[in-house]
Amino acid sequence: MTVLVQMRMDGDTEIFAKSLTERADEYRAIAEQAKAAGAVHHVLVDDEWVTEQAFHDFLTRPDLQQFISEVGGDVTQPPDVLITEAIESPDQF
């Protein structure tokens with residue numbers, strides 16, 4: 001069973017917004033790295049991962065922490081992370 005990850009991080013939203021276009025290729029490369037590390041789905045920062053540990057291992061990589069800092073994220077404080085077990089239900093769509 002997979003896990004759902006929601007993350008909130010303090011940072012500079014203007015720098016982040018600019019980075020979405022100025023560093024789009026880096027975002028795409030990180031997305032491919034996340035898939036290889038166990039990410040199943042990513043919608044901004046609501047992710048589905050194969051395990052909680054796979055997510056934490058990916059998030060704490062020094063190169064990713066550097067990128068997050070450069071695009072406006074405050075890596076001096078840990079992000080708020082909510083991990084829940086992904087379940088299927090009859091009303092899922």
# chains A, B, ... in the order shown; residues from 1 in each chain; ligands from 1
$ residues_around --residues "A:Asp47" --least-positions-apart "2" --cutoff "6 Å" --atoms "only C-alpha atoms" --output "ChimeraX atom specification"
/A:4-5,41-42,45
$ residues_around --residues "A:Arg8" --least-positions-apart "2" --cutoff "9 Å" --atoms "only C-alpha atoms" --output "list in words"
Gln6, Asp10, Val45, Pro79, Asp80, Val81 and Leu82 of chain A
$ closest_residue --among "A:Ile83, A:Ile68, A:Ala34, A:Met7" --to "A:Leu20" --atoms "only C-alpha atoms"
A:Ile68
$ select_by_dssp --residues "chain A" --states "helix (DSSP H, G or I)" --output "JSON, numbers by chain"
{"A": [13, 14, 15, 16, 17, 18, 19, 20, 21, 22, 24, 25, 26, 27, 28, 29, 30, 31, 32, 33, 34, 35, 36, 37, 52, 53, 54, 55, 56, 57, 58, 59, 62, 63, 64, 65, 66, 67, 68, 69, 70]}
$ residues_around --residues "A:Ile87" --least-positions-apart "3" --cutoff "9 Å" --atoms "only C-alpha atoms" --output "PyMOL selection string"
chain A and resi 1-3
$ atom_distance --atom1 "atom CA of A:Gly73" --atom2 "atom CA of A:Ala86"
26.9 Å
$ select_by_dssp --residues "chain A" --states "strand (DSSP E)" --output "count of residues only"
21
$ decode --residues "stretch 27-82 of chain A" --atoms "C-alpha atoms" --output "compact mmCIF listing (two decimals), in the first residue's frame"
# COMPACT_ATOMS: atom_id res chain seq x y z
CA TYR A 27 11.88 20.83 -11.93
CA ARG A 28 11.33 18.27 -14.70
CA ALA A 29 14.64 16.55 -13.87
CA ILE A 30 13.73 16.40 -10.18
CA ALA A 31 10.34 14.92 -11.10
CA GLU A 32 12.09 12.12 -12.99
CA GLN A 33 14.42 11.55 -10.02
CA ALA A 34 11.42 11.43 -7.68
CA LYS A 35 9.72 8.82 -9.87
CA ALA A 36 12.88 6.71 -9.79
CA ALA A 37 13.01 7.10 -5.99
CA GLY A 38 9.42 5.91 -5.48
CA ALA A 39 7.07 8.82 -6.18
CA VAL A 40 3.84 7.65 -7.81
CA HIS A 41 1.98 11.00 -8.25
CA HIS A 42 2.93 14.65 -7.69
CA VAL A 43 0.57 17.62 -7.70
CA LEU A 44 2.71 20.54 -6.53
CA VAL A 45 3.48 19.15 -3.05
CA ASP A 46 0.82 16.49 -2.58
CA ASP A 47 2.64 13.28 -3.39
CA GLU A 48 1.96 9.58 -3.39
CA TRP A 49 5.05 7.50 -2.57
CA VAL A 50 5.70 3.77 -2.35
CA THR A 51 6.83 4.20 1.28
CA GLU A 52 7.32 6.95 3.85
CA GLN A 53 11.04 6.11 4.01
CA ALA A 54 11.45 6.51 0.25
CA PHE A 55 9.99 10.03 0.54
CA HIS A 56 12.24 11.01 3.46
CA ASP A 57 15.33 9.61 1.74
CA PHE A 58 14.56 11.66 -1.38
CA LEU A 59 13.65 14.88 0.44
CA THR A 60 16.82 14.92 2.55
CA ARG A 61 19.24 14.58 -0.38
CA PRO A 62 21.74 17.48 -0.17
CA ASP A 63 21.30 18.41 -3.84
CA LEU A 64 17.53 18.63 -3.42
CA GLN A 65 17.86 20.69 -0.23
CA GLN A 66 20.15 23.09 -2.15
CA PHE A 67 17.62 23.39 -4.98
CA ILE A 68 14.74 24.01 -2.54
CA SER A 69 16.78 26.77 -0.90
CA GLU A 70 17.62 28.37 -4.25
CA VAL A 71 13.96 28.48 -5.32
CA GLY A 72 12.82 30.23 -2.14
CA GLY A 73 12.25 27.42 0.36
CA ASP A 74 13.47 27.90 3.93
CA VAL A 75 15.54 24.77 4.58
CA THR A 76 16.69 26.04 7.99
CA GLN A 77 13.35 24.88 9.41
CA PRO A 78 11.87 21.43 8.81
CA PRO A 79 8.74 21.43 6.63
CA ASP A 80 5.37 20.43 8.02
CA VAL A 81 4.82 16.94 6.61
CA LEU A 82 1.67 14.85 6.94
